[in-house]
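Structure file my_file.txt (compact mmCIF, C-alpha atoms and all ligand atoms) follows.
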# COMPACT_ATOMS: atom_id res chain seq x y z
CA MET A 1 87.86 146.04 65.44
CA PRO A 2 86.39 148.82 63.20
CA ALA A 3 86.55 152.36 64.65
CA ILE A 4 82.75 152.66 64.95
CA LEU A 5 82.66 149.63 67.23
CA ASP A 6 85.49 151.08 69.31
CA ASP A 7 83.32 154.15 69.90
CA ILE A 8 80.34 152.07 70.94
CA SER A 9 82.48 149.99 73.28
CA ALA A 10 83.78 153.20 74.89
CA GLU A 11 80.21 154.47 75.30
CA ILE A 12 79.19 151.20 76.93
CA LEU A 13 82.04 151.38 79.42
CA ASP A 14 81.06 154.97 80.21
CA LEU A 15 77.40 154.07 80.72
CA LYS A 16 78.47 151.15 82.89
CA LYS A 17 80.14 153.59 85.29
CA GLN A 18 77.23 156.04 85.26
CA LEU A 19 74.65 153.33 85.96
CA GLY A 20 76.71 151.29 88.37
CA ALA A 21 76.15 148.27 86.14
CA THR A 22 77.70 144.83 85.96
CA ILE A 23 77.73 143.17 82.55
CA LEU A 24 77.26 139.40 82.50
CA ALA A 25 77.70 137.65 79.14
CA HIS A 26 77.12 134.07 78.04
CA TYR A 27 79.88 132.34 76.08
CA TYR A 28 77.55 132.22 73.06
CA GLN A 29 77.67 136.00 72.65
CA ASP A 30 79.91 137.53 70.00
CA GLY A 31 83.49 138.06 71.16
CA GLU A 32 83.15 141.86 71.06
CA ILE A 33 80.36 141.63 73.67
CA GLN A 34 82.23 139.08 75.81
CA ALA A 35 85.28 141.38 75.73
CA LEU A 36 83.29 144.12 77.52
CA ALA A 37 81.74 141.87 80.16
CA ASP A 38 82.70 141.78 83.83
CA VAL A 39 81.87 138.09 83.93
CA THR A 40 81.51 135.54 81.15
CA GLY A 41 80.31 132.00 81.66
CA ASP A 42 77.85 129.22 81.00
CA SER A 43 74.29 129.28 82.36
CA LEU A 44 75.26 127.85 85.75
CA LYS A 45 78.21 130.16 86.35
CA LEU A 46 76.21 133.23 85.30
CA ALA A 47 73.25 132.30 87.54
CA ARG A 48 75.60 131.89 90.50
CA GLU A 49 77.63 135.01 89.71
CA ALA A 50 74.43 137.05 89.41
CA THR A 51 73.80 136.44 93.13
CA LYS A 52 77.19 137.99 94.00
CA VAL A 53 76.73 141.24 92.06
CA ASP A 54 76.73 144.29 94.35
CA SER A 55 75.92 146.93 91.73
CA PRO A 56 72.27 148.07 91.36
CA VAL A 57 72.04 147.15 87.66
CA ILE A 58 72.81 143.91 85.81
CA VAL A 59 73.09 144.02 82.02
CA PHE A 60 72.53 140.44 80.92
CA CYS A 61 73.98 139.62 77.52
CA GLY A 62 72.30 136.33 76.76
CA VAL A 63 68.75 135.15 76.15
CA LEU A 64 65.50 135.82 77.99
CA PHE A 65 65.43 132.75 80.26
CA MET A 66 68.94 133.62 81.50
CA ALA A 67 68.03 137.23 82.28
CA GLU A 68 64.86 136.03 84.05
CA THR A 69 67.01 133.67 86.14
CA ALA A 70 69.27 136.58 87.13
CA LYS A 71 66.20 138.63 88.13
CA MET A 72 64.65 135.78 90.13
CA LEU A 73 67.85 135.27 92.08
CA ASN A 74 68.23 139.07 92.58
CA PRO A 75 64.75 140.56 92.94
CA SER A 76 66.03 143.92 94.11
CA LYS A 77 68.32 144.51 91.09
CA THR A 78 67.41 146.14 87.81
CA VAL A 79 68.08 143.47 85.16
CA LEU A 80 68.38 144.71 81.57
CA LEU A 81 68.37 142.48 78.48
CA PRO A 82 69.53 144.14 75.22
CA ASP A 83 66.80 142.43 73.13
CA LEU A 84 63.64 141.02 74.73
CA GLN A 85 63.04 138.89 71.62
CA ALA A 86 66.18 136.84 72.34
CA GLY A 87 64.40 133.56 73.01
CA CYS A 88 65.29 129.88 72.73
CA SER A 89 63.88 126.96 70.72
CA LEU A 90 63.87 124.82 73.88
CA VAL A 91 61.67 127.34 75.72
CA ASP A 92 59.28 127.37 72.74
CA ALA A 93 59.08 123.56 72.76
CA CYS A 94 57.56 123.39 76.23
CA PRO A 95 54.53 125.61 76.90
CA ALA A 96 53.62 125.55 80.61
CA GLU A 97 49.95 124.68 79.99
CA LYS A 98 50.97 121.61 77.97
CA LEU A 99 53.41 120.50 80.67
CA ALA A 100 50.80 120.95 83.41
CA ARG A 101 48.31 118.80 81.45
CA TYR A 102 50.93 116.09 80.91
CA GLN A 103 51.92 116.05 84.59
CA GLU A 104 48.24 115.76 85.54
CA MET A 105 47.81 112.81 83.17
CA LEU A 106 50.82 111.05 84.76
CA ARG A 107 49.41 111.66 88.27
CA ILE A 108 45.98 110.35 87.27
CA ASN A 109 47.73 107.23 85.96
CA GLY A 110 49.39 106.76 89.36
CA ARG A 111 52.94 107.45 88.17
CA LYS A 112 55.36 108.49 90.93
CA PHE A 113 57.66 111.04 89.32
CA GLN A 114 59.59 114.22 89.76
CA THR A 115 60.01 116.85 87.05
CA VAL A 116 63.59 117.80 86.24
CA THR A 117 63.72 120.85 84.00
CA TYR A 118 66.58 122.21 81.93
CA ILE A 119 67.18 125.87 82.74
CA ASN A 120 66.39 126.63 79.06
CA SER A 121 62.69 126.94 79.92
CA SER A 122 60.14 129.58 80.83
CA ALA A 123 59.62 130.72 84.43
CA LYS A 124 56.12 129.17 84.35
CA VAL A 125 57.67 125.80 83.46
CA LYS A 126 60.29 126.18 86.21
CA ALA A 127 57.46 126.88 88.65
CA LEU A 128 55.91 123.49 87.73
CA SER A 129 59.20 121.67 88.35
CA ASP A 130 60.90 119.88 91.24
CA TRP A 131 64.43 120.67 90.04
CA VAL A 132 66.07 122.95 87.51
CA VAL A 133 69.36 121.87 85.99
CA THR A 134 71.96 123.26 83.62
CA SER A 135 74.43 121.35 81.49
CA GLY A 136 76.89 122.01 84.35
CA ASN A 137 74.98 120.38 87.25
CA ALA A 138 72.47 118.02 85.60
CA LEU A 139 74.42 114.85 86.39
CA GLU A 140 74.82 115.84 90.05
CA VAL A 141 71.12 116.69 90.49
CA VAL A 142 69.87 113.53 88.77
CA LYS A 143 72.31 111.32 90.69
CA GLU A 144 72.15 112.97 94.11
CA LYS A 145 68.93 114.93 94.49
CA VAL A 146 66.11 113.03 92.81
CA PRO A 147 65.15 110.31 95.31
CA ALA A 148 65.37 106.68 94.16
CA GLY A 149 61.95 105.21 93.43
CA TYR A 150 60.81 108.22 91.40
CA GLU A 151 60.58 108.27 87.63
CA ILE A 152 61.99 111.41 86.09
CA LEU A 153 60.02 113.56 83.68
CA PHE A 154 62.85 115.42 81.94
CA VAL A 155 61.92 118.58 80.00
CA PRO A 156 62.38 120.13 77.50
CA ASP A 157 65.62 118.80 75.86
CA LYS A 158 65.24 115.22 74.64
CA HIS A 159 68.92 114.94 73.66
CA LEU A 160 70.29 116.07 77.02
CA GLY A 161 67.69 113.83 78.72
CA ARG A 162 68.68 110.80 76.65
CA TYR A 163 72.35 111.42 77.46
CA LEU A 164 71.60 111.75 81.21
CA GLN A 165 69.52 108.59 81.08
CA GLU A 166 72.41 106.71 79.50
CA VAL A 167 75.06 108.00 81.94
CA THR A 168 73.03 107.72 85.16
CA GLY A 169 70.89 104.68 84.30
CA ARG A 170 67.80 106.55 85.66
CA GLU A 171 64.48 105.93 83.90
CA MET A 172 63.22 109.09 82.22
CA ILE A 173 60.19 110.25 80.35
CA LEU A 174 61.59 112.62 77.72
CA TRP A 175 59.87 115.75 76.43
CA ASP A 176 60.14 116.29 72.67
CA GLY A 177 62.23 119.47 72.56
CA SER A 178 65.63 120.31 71.13
CA CYS A 179 68.07 123.15 70.61
CA MET A 180 67.85 124.41 67.04
CA VAL A 181 71.64 124.92 66.96
CA HIS A 182 72.92 121.67 68.48
CA GLU A 183 70.30 119.60 66.68
CA ILE A 184 71.63 120.28 63.20
CA PHE A 185 75.34 119.48 63.25
CA SER A 186 76.18 117.57 60.12
CA VAL A 187 77.41 114.02 60.75
CA HIS A 188 78.58 113.92 57.16
CA ASP A 189 80.75 117.04 57.60
CA LEU A 190 82.07 115.88 60.97
CA LEU A 191 83.20 112.56 59.45
CA LYS A 192 84.86 114.50 56.63
CA GLN A 193 86.62 116.78 59.13
CA LYS A 194 87.81 113.76 61.11
CA LYS A 195 89.34 112.31 57.93
CA GLU A 196 91.03 115.61 57.09
CA HIS A 197 92.30 116.05 60.68
CA PRO A 198 93.00 112.50 61.86
CA LYS A 199 94.68 113.62 65.10
CA ALA A 200 91.94 116.07 66.08
CA LYS A 201 89.82 115.46 69.19
CA THR A 202 86.07 115.96 68.87
CA ILE A 203 84.27 117.65 71.75
CA ALA A 204 80.47 117.94 71.90
CA HIS A 205 77.74 119.47 74.07
CA PRO A 206 75.12 116.98 75.34
CA GLU A 207 72.39 119.03 73.60
CA CYS A 208 73.65 117.31 70.41
CA PRO A 209 71.84 114.23 69.12
CA LYS A 210 73.21 110.73 69.75
CA ASN A 211 74.73 110.39 66.25
CA ILE A 212 77.07 113.33 67.00
CA LEU A 213 77.84 112.31 70.62
CA GLU A 214 78.85 108.84 69.40
CA LEU A 215 81.58 110.44 67.31
CA ALA A 216 82.91 112.58 70.17
CA ASP A 217 86.02 111.96 72.27
CA PHE A 218 84.56 114.15 75.02
CA VAL A 219 80.97 115.07 75.89
CA GLY A 220 80.42 117.82 78.44
CA GLY A 221 78.56 121.00 79.31
CA THR A 222 79.86 124.38 78.25
CA GLU A 223 82.22 125.06 81.18
CA ALA A 224 83.37 121.41 81.20
CA MET A 225 84.42 121.70 77.54
CA VAL A 226 86.61 124.72 78.29
CA LYS A 227 88.19 122.87 81.24
CA HIS A 228 88.69 119.76 79.13
CA VAL A 229 90.71 121.45 76.40
CA GLY A 230 92.87 122.95 79.17
CA THR A 231 93.97 119.45 80.19
CA TYR A 232 95.89 119.17 76.87
CA LYS A 233 99.29 120.76 77.33
CA GLU A 234 100.57 120.13 73.79
CA PRO A 235 99.03 122.08 70.88
CA THR A 236 96.04 120.02 69.73
CA GLU A 237 93.33 120.34 67.11
CA PHE A 238 89.75 120.25 68.39
CA LEU A 239 86.59 119.75 66.35
CA VAL A 240 83.99 121.67 68.31
CA ALA A 241 80.33 120.57 68.19
CA THR A 242 78.66 123.41 70.05
CA GLU A 243 77.67 127.02 69.39
CA ALA A 244 80.44 128.64 67.33
CA ASN A 245 81.09 131.59 69.69
CA MET A 246 82.31 129.13 72.35
CA MET A 247 85.57 129.00 70.44
CA TRP A 248 86.22 132.62 71.43
CA GLU A 249 86.58 131.65 75.10
CA MET A 250 88.55 128.50 74.28
CA GLN A 251 90.93 130.53 72.14
CA ARG A 252 91.26 133.18 74.86
CA LYS A 253 91.94 130.70 77.67
CA HIS A 254 93.87 128.04 75.80
CA PRO A 255 95.43 129.73 72.75
CA GLN A 256 97.96 126.93 72.16
CA HIS A 257 95.25 124.84 70.45
CA THR A 258 93.47 125.03 67.09
CA TYR A 259 89.66 125.03 67.14
CA LEU A 260 87.54 124.05 64.17
CA GLY A 261 83.77 124.43 64.37
CA VAL A 262 81.70 121.47 63.19
CA PRO A 263 79.36 122.84 60.52
CA GLY A 264 75.60 122.56 60.61
CA ILE A 265 73.58 121.05 57.81
CA THR A 266 72.14 124.40 56.79
CA CYS A 267 74.83 126.86 57.84
CA ALA A 268 78.61 126.74 58.04
CA CYS A 269 78.97 128.37 61.44
CA ASN A 270 76.24 127.21 63.82
CA LYS A 271 75.60 130.45 65.64
CA CYS A 272 72.48 130.78 67.76
CA PRO A 273 70.13 133.29 66.06
CA HIS A 274 68.62 134.21 69.44
CA MET A 275 71.96 135.03 71.03
CA ALA A 276 72.88 136.94 67.87
CA ARG A 277 70.00 139.38 68.43
CA ASN A 278 72.19 141.11 71.03
CA THR A 279 74.58 143.55 69.38
CA LEU A 280 76.91 146.18 70.81
CA GLU A 281 74.43 148.85 69.73
CA LYS A 282 71.62 147.16 71.63
CA VAL A 283 73.81 146.71 74.71
CA ARG A 284 74.50 150.45 74.65
CA ASP A 285 70.87 151.39 74.01
CA CYS A 286 69.46 149.22 76.82
CA MET A 287 71.86 150.99 79.20
CA LYS A 288 70.93 154.43 77.85
CA ASN A 289 67.20 153.74 78.08
CA ARG A 290 67.29 151.44 81.14
CA SER A 291 65.07 149.23 79.01
CA PRO A 292 64.14 146.51 78.12
CA GLU A 293 63.97 145.55 81.77
CA ILE A 294 62.96 142.17 83.23
CA THR A 295 59.98 142.83 85.47
CA TRP A 296 58.77 140.56 88.27
CA GLN A 297 56.07 138.12 87.16
CA PRO A 298 53.74 136.18 89.54
CA GLU A 299 55.29 132.81 88.53
CA PHE A 300 58.75 134.05 89.56
CA ASP A 301 57.91 133.48 93.27
CA ARG A 302 57.66 129.71 92.94
CA ALA A 303 60.27 129.41 90.14
CA LYS A 304 62.79 131.28 92.27
CA GLU A 305 62.53 128.69 95.07
CA VAL A 306 63.09 125.81 92.65
CA LEU A 307 66.03 127.60 91.06
CA ALA A 308 67.67 128.48 94.36
CA ARG A 309 67.57 125.00 95.85
CA SER A 310 68.68 123.45 92.56
CA LEU A 311 71.56 125.74 91.65
CA LEU A 312 72.78 127.52 94.75
CA ASN A 313 74.56 126.18 97.75
CA PRO A 314 73.28 127.18 100.24
CA PRO A 315 69.91 128.06 98.65
CA LEU A 316 68.63 131.63 99.04
CA SER A 317 65.35 130.58 100.59
CA ALA A 318 64.03 127.80 102.81
CA PRO A 319 63.57 124.53 100.91
CA VAL A 320 60.11 123.71 99.63
CA HIS A 321 58.70 120.22 99.31
CA PRO A 322 59.04 118.94 95.76
CA HIS A 323 55.87 118.01 93.86
CA GLY A 324 54.94 114.38 94.10
CA ASP A 325 56.08 113.96 97.72
P1 LIG B 1 74.98 126.02 79.10
O1 LIG B 1 75.56 127.35 79.18
O2 LIG B 1 74.27 125.67 80.34
O3 LIG B 1 75.91 124.93 78.68
O4 LIG B 1 73.83 126.05 77.99
C1 LIG B 1 74.08 125.90 76.67
C2 LIG B 1 73.07 126.62 75.90
O5 LIG B 1 72.57 126.16 74.92
C3 LIG B 1 72.71 127.93 76.37
O6 LIG B 1 71.63 128.36 75.69
FE1 LIG B 2 68.43 128.00 72.99
FE2 LIG B 2 70.06 126.54 71.55
FE3 LIG B 2 70.18 129.15 71.36
FE4 LIG B 2 71.01 127.96 73.60
S1 LIG B 2 71.92 127.77 71.59
S2 LIG B 2 69.69 129.77 73.46
S3 LIG B 2 69.61 126.23 73.69
S4 LIG B 2 68.45 127.88 70.76
Could you write out this file's structure as structure tokens?
Ligand code: 13P
Ligand code: SF4
Amino acid sequence: MPAILDDISAEILDLKKQLGATILAHYYQDGEIQALADVTGDSLKLAREATKVDSPVIVFCGVLFMAETAKMLNPSKTVLLPDLQAGCSLVDACPAEKLARYQEMLRINGRKFQTVTYINSSAKVKALSDWVVTSGNALEVVKEKVPAGYEILFVPDKHLGRYLQEVTGREMILWDGSCMVHEIFSVHDLLKQKKEHPKAKTIAHPECPKNILELADFVGGTEAMVKHVGTYKEPTEFLVATEANMMWEMQRKHPQHTYLGVPGITCACNKCPHMARNTLEKVRDCMKNRSPEITWQPEFDRAKEVLARSLLNPPLSAPVHPHGD
């Protein structure tokens, strides 16, 4: 690590003490940020861990919808996000007004449905939903929580929705959204890698399109992928079809293996440009300035209830009746 980054890291650790802050970082953050975090994880783990934080300040190294989730589940904490512009292509694909109009059209047409929403969505969209899922609990929610007899409107990730539909056999209406990173893995390059590494196992996130999932030996959410590689005791090569920084955690936890990122069609590494907006400098500056801060928005009240009963056990608040009941 260059000396200048060492200095910044030291400053961050100092500020952490002064502020009484806990740093949460998603696995898609650069390794140097993950190395400073108190907790690293996927969306589900970070949402749950955020509820256990006892310090007054949470520094959330991830994207906006994740920091908003942490705030909703911890209204009394100060939640800082190093760069407020750290968004997500899935959030952009599903404006709340458009979803509300679509739901209304389904109701007018007499369709009996519940809305299951990927956590990669705005708070306004969460507030219009019956359930919020992550890649870590989507199967469980679809199988166990959505009552039989209801169609499922799944938003905003069409690839995750299609995968859930296939695995659970539940009928779904799929929203036309996708993750700009997982959408563009190159089938051509993956086939070439498989030829060059005939013994390698391919692991893929369900945000990938069907043509990539069909070539995978294992499909699973972020935390499930880390667990899966841990089941191999002998050194093994893995072709990894998910955000490239994930390999940092895999390497840290299971260093006996070799990890090769599957390239994208436009870029060799497949890093999320939104996650990459957070840098060590911005982590330091948000702690120095206590800004940017996630402030409470009116839609958080309803979204918080949906989040809590979908992700937490037991939920923080009394259950509300899902839409469509
Ligand atoms: P998970 O952490 O829930 O697997 O989400 C993956 C992702 O794309 C985060 O933005
Ligand atoms: Fe959104 Fe994809 Fe980036 Fe995750 S990796 S934040 S889903 S654009």
Taking all atoms listed in the file into account, name the residue in A:Ala268, A:Val229, A:Leu84, A:Ala276 that is nearest to ligand LIG 1 (chain B).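 Looking only at the distances to ligand LIG 1 (chain B), the closest residue turns out to be A:Ala276.
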**Message:** One decimal, in Å: what's the spacing between CA of Arg302 (chain A) and CA of Ala127 (chain A)?
**Reply:**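 Separation between CA of Arg302 (chain A) and CA of Ala127 (chain A): 5.1 Å.
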note - CA of Cys88 (chain A) and CA of Asp157 (chain A) are separated by 11.5 Å
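With distances restricted to all atoms listed in the file, A:Asn137 is the closest residue to ligand LIG 1 (chain B) from A:Asn137, A:Gln103, A:Thr168, A:Ser122.
Interatomic distance, CA of Cys179 (chain A) to CA of Leu160 (chain A): 9.8 Å.
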Draw an axis-aligned box tight on the listed atoms of ligand LIG 2 (chain B), then pad every side by 3 Å and write out centre and edge lengths in Å to one decimal as lines of an AutoDock Vina configuration file.
center_x = 70.2
center_y = 128.0
center_z = 72.2
size_x = 9.5
size_y = 9.5
size_z = 8.9
Here's a test: counting all atoms listed in the file, identify every protein, DNA and RNA residue with an atom at most 12 Å from (82.8, 117.1, 77.8) in the file's coordinate frame, and state them as an MDAnalysis selection string. chainID A and resid 135:136 163 201:208 213 216:231 240:242
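Comparing A:Ala244, A:Leu36, A:Ala25, A:Val181 by their smallest distance to His274 (chain A), the closest is A:Val181 (using all atoms listed in the file).
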Practice problem: Please return, as an MDAnalysis selection string, all polymer residues that have at least one atom within 8 Å of the point (64.5, 110.2, 82.8); use all atoms listed in the file and the file's own coordinate frame. | Solution: chainID A and resid 151:154 161:162 164:165 170:174
One residue among A:Glu140, A:Glu32, A:Asp176, A:Asp92 is nearest to ligand LIG 2 (chain B) when using all atoms listed in the file, and that residue is A:Asp92
